[in-house]
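Working notes, beginning with the structure itself.
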Amino acid sequence: MSPTATESPSSADQLASRKHTPIERVQHILHRNPALSPLLVLVLAVIVFGIVADNFLRPEALSLMVQQMAVVGALAVGQTLIILTAGVDLSIGMAMVLASLVMAKLNADQGVPGFIALLIGIVVAILTGLLNGILVTRINLPPFIVTLGTFSIFTAISLLYAQGQTVTLDPDAFLLVTGKTISIGSVSVTWGVLLMLLLYLVVGFALSYTAWGRHLYATGDDAEASDLAGIDTKRVRLSAYVVAGIAVGIAAWIVCGRVGGADPNAGLNYNLLSITAVVIGGTSLFGGRGLVVGTLIGALIVQVFQSGLALAGVDPNYQVLATGILVILAVSVDQWIRRVKA
């Protein structure tokens, strides 16, 4: 064997022996654990607002905070699935409003039993996701453009269907179950919050332990390579929009319980808030990386900042400013993490 062959280390050995700087080690840790950075932000935010606002850490304030983020949290589950495939859904909030209006009006105006009205509303939500998915995967239109268009379509249909009026449900209606509270010690939570957490558990399990979940990550990471590996990426992306529709239907049920009915003007901010929760939670806008537990943390971060600033007496305009800064910082950190070197 020649001296060159015995003395020259292989490329793998060179990479293995390469020493990382402390910053690079942090970059590697965050790359392996997408939910770690938002968790640190959440803990820091809770500590800061606990110091700044005296009543922030009271059980009543914390339980109210969790109840307020239940709708955004449920929508963010669906948004996570779509963003994992390198897509985005700008219509998700208005799809929820449309589904909630269908549920409420069928029950209040047509006398349809609450459970049947709920199922029909969820079907409507699934159809909105199916429409977006077909336009994206079968006609090959960009997700941003498709969902921007369907945002306007769903908004118009909602306003026309409800004639611009809020639908109020009977206090004992089945659709309002998600707004009823249960006490756990000194903390009160609604059934809607528990339903949202169940949604996270089911989707988290599917992403981590099923072939569908692995295909979803692979499609978002590199669609071309996934196609060559035999994965039907179009079907996977379509399924993401359809399953997101189920999450939208559940969010519609939760919002009915929260507002006591359905409001055609209620979903204007939910589109951006769901995207914000996903991005802050560590899911990459470029697809293929992220966890639903990170999304849950991201939704909590958004609500912590909104509630904390409000309890501290800060002007509401600064609350919007803080959310915008968080999004930009989250995307910047994601870009930095994606440039991780071996």
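Scheme for the structure tokens: letters A, B, ... for chains in order shown; per-chain residue numbers from 1; ligand numbers from 1 in order shown.
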
Query raised in the report: Which residues in range 71-306 of chain A does DSSP call strand (DSSP E)? List them as a ChimeraX atom specification.
Result: /A:167-168,181-184,187-190,261-262

Print the selection's residues with C-alpha atoms to a file, as a compact mmCIF listing (two decimals), in the first residue's frame.
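As written to disk, result_20.txt reads:
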# COMPACT_ATOMS: atom_id res chain seq x y z
CA VAL A 167 -75.40 34.05 14.38
CA THR A 168 -76.23 33.54 18.07
CA THR A 181 -65.13 25.29 31.51
CA ILE A 182 -63.88 22.62 33.85
CA SER A 183 -61.72 23.24 36.91
CA ILE A 184 -58.39 21.54 37.46
CA VAL A 187 -57.07 26.62 37.03
CA SER A 188 -60.09 26.60 34.72
CA VAL A 189 -59.87 25.39 31.15
CA THR A 190 -62.51 24.95 28.48
CA GLY A 261 -72.17 31.47 17.86
CA ALA A 262 -70.54 32.53 14.61

Query raised in the report: Can you tell me, as a ChimeraX atom specification, what residues are no more than 12 Å from Gly313 in chain A when counting only C-alpha atoms, ignoring any on the same chain fewer than 4 positions away?
Result: /A:49,52-56,306-309,317-319

Could you take the residues named above and write them with C-alpha atoms, as a compact mmCIF listing (two decimals), in the first residue's frame?
# COMPACT_ATOMS: atom_id res chain seq x y z
CA PHE A 49 -43.84 39.47 32.02
CA VAL A 52 -43.29 43.44 34.73
CA ALA A 53 -46.99 42.66 35.32
CA ASP A 54 -47.94 41.71 38.89
CA ASN A 55 -51.03 39.70 37.96
CA PHE A 56 -49.53 37.91 34.93
CA GLN A 306 -50.30 39.88 23.64
CA SER A 307 -51.58 39.24 27.17
CA GLY A 308 -48.36 40.30 28.88
CA LEU A 309 -48.15 43.61 27.07
CA ASN A 317 -50.19 49.07 18.64
CA TYR A 318 -46.97 47.93 20.29
CA GLN A 319 -48.47 44.47 20.72

**Report entry** Contact residues around Ser37 in chain A with only C-alpha atoms at 12 Å, ignoring same-chain residues under 6 positions, as a list in words
**Finding:**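 Answer for this query is Val26, Gln27, His28, Ile29, Leu30, His31, Val43, Leu44, Val279, Ile280, Gly281, Gly282, Thr283, Gly290, Gly294, Thr295, Ile297, Gly298, Ile301, Leu329, Ala330, Val333, Asp334 and Ile337 of chain A.
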
**Report entry** Residue contacts of Thr150 in chain A (12 Å, only C-alpha atoms) excluding same-chain residues fewer than 5 positions away, as a ChimeraX atom specification
**Finding:** /A:89-95,98,127-133,135-136,143-145,155-158

Limited to C-alpha atoms, could you put the picked residues into a file as a short mmCIF file (atom, residue, chain, number, x, y, z; two decimals), in the first residue's frame?
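After the write, selection_9.cif holds the following:
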data_model
loop_
_atom_site.label_atom_id
_atom_site.label_comp_id
_atom_site.auth_asym_id
_atom_site.auth_seq_id
_atom_site.Cartn_x
_atom_site.Cartn_y
_atom_site.Cartn_z
CA ASP A 89 -52.48 28.75 3.56
CA LEU A 90 -53.60 32.38 3.69
CA SER A 91 -57.27 31.36 3.65
CA ILE A 92 -57.33 29.15 6.73
CA GLY A 93 -58.96 31.71 9.01
CA MET A 94 -61.81 32.49 6.62
CA ALA A 95 -62.31 28.78 5.92
CA LEU A 98 -67.30 29.74 6.81
CA LEU A 127 -63.86 20.82 1.14
CA THR A 128 -62.09 24.18 1.50
CA GLY A 129 -58.82 22.33 2.10
CA LEU A 130 -59.54 19.98 -0.79
CA LEU A 131 -60.14 22.94 -3.12
CA ASN A 132 -56.83 24.54 -2.15
CA GLY A 133 -55.03 21.21 -2.47
CA LEU A 135 -55.48 23.90 -7.24
CA VAL A 136 -51.95 23.54 -5.83
CA PRO A 143 -49.88 28.00 -2.78
CA PHE A 144 -49.50 31.68 -1.94
CA ILE A 145 -51.55 32.79 -4.95
CA THR A 155 -64.76 35.80 2.81
CA ALA A 156 -67.38 36.69 0.19
CA ILE A 157 -69.28 33.40 0.64
CA SER A 158 -69.29 33.86 4.43
#

Report task. In Å, rounded to a single decimal, give me how far CA of Ile83 in chain A is from CA of Leu228 in chain A. Result ->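 Between CA of Leu228 in chain A and CA of Ile83 in chain A the gap works out to 21.7 Å.
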
Query - Option closest in space to Ser274 in chain A, from A:Cys256, A:Ala244, A:Leu62, A:Ala35 [counting only C-alpha atoms] - result: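 Among the listed residues, A:Ala244 lies closest to Ser274 in chain A.
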
Requested in this report: Would you list, as a PyMOL selection string, the residues of range 154-319 of chain A that end up in helix (DSSP H, G or I) under DSSP run on this structure's backbone?
Outcome: chain A and resi 154-162+174-179+191-209+211-221+223-228+233-259+270-280+292-311+316-319

Requested in this report: Rank nothing, just name the residue among A:Val88, A:Ala173, A:Met65, A:Ala211 nearest to Thr147 in chain A, using only C-alpha atoms.
Outcome: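 Residue with the minimum atom-to-atom distance to Thr147 in chain A: A:Val88.
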
Report task. Go through A:Ile250, A:Ala76, A:Leu40, A:Val259 one by one, measure the shortest atom-to-atom distance of each to Ala277 in chain A using only C-alpha atoms, and give the residue with the smallest value. Result ->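 Among A:Ile250, A:Ala76, A:Leu40, A:Val259, it is A:Ala76 that comes nearest to Ala277 in chain A.
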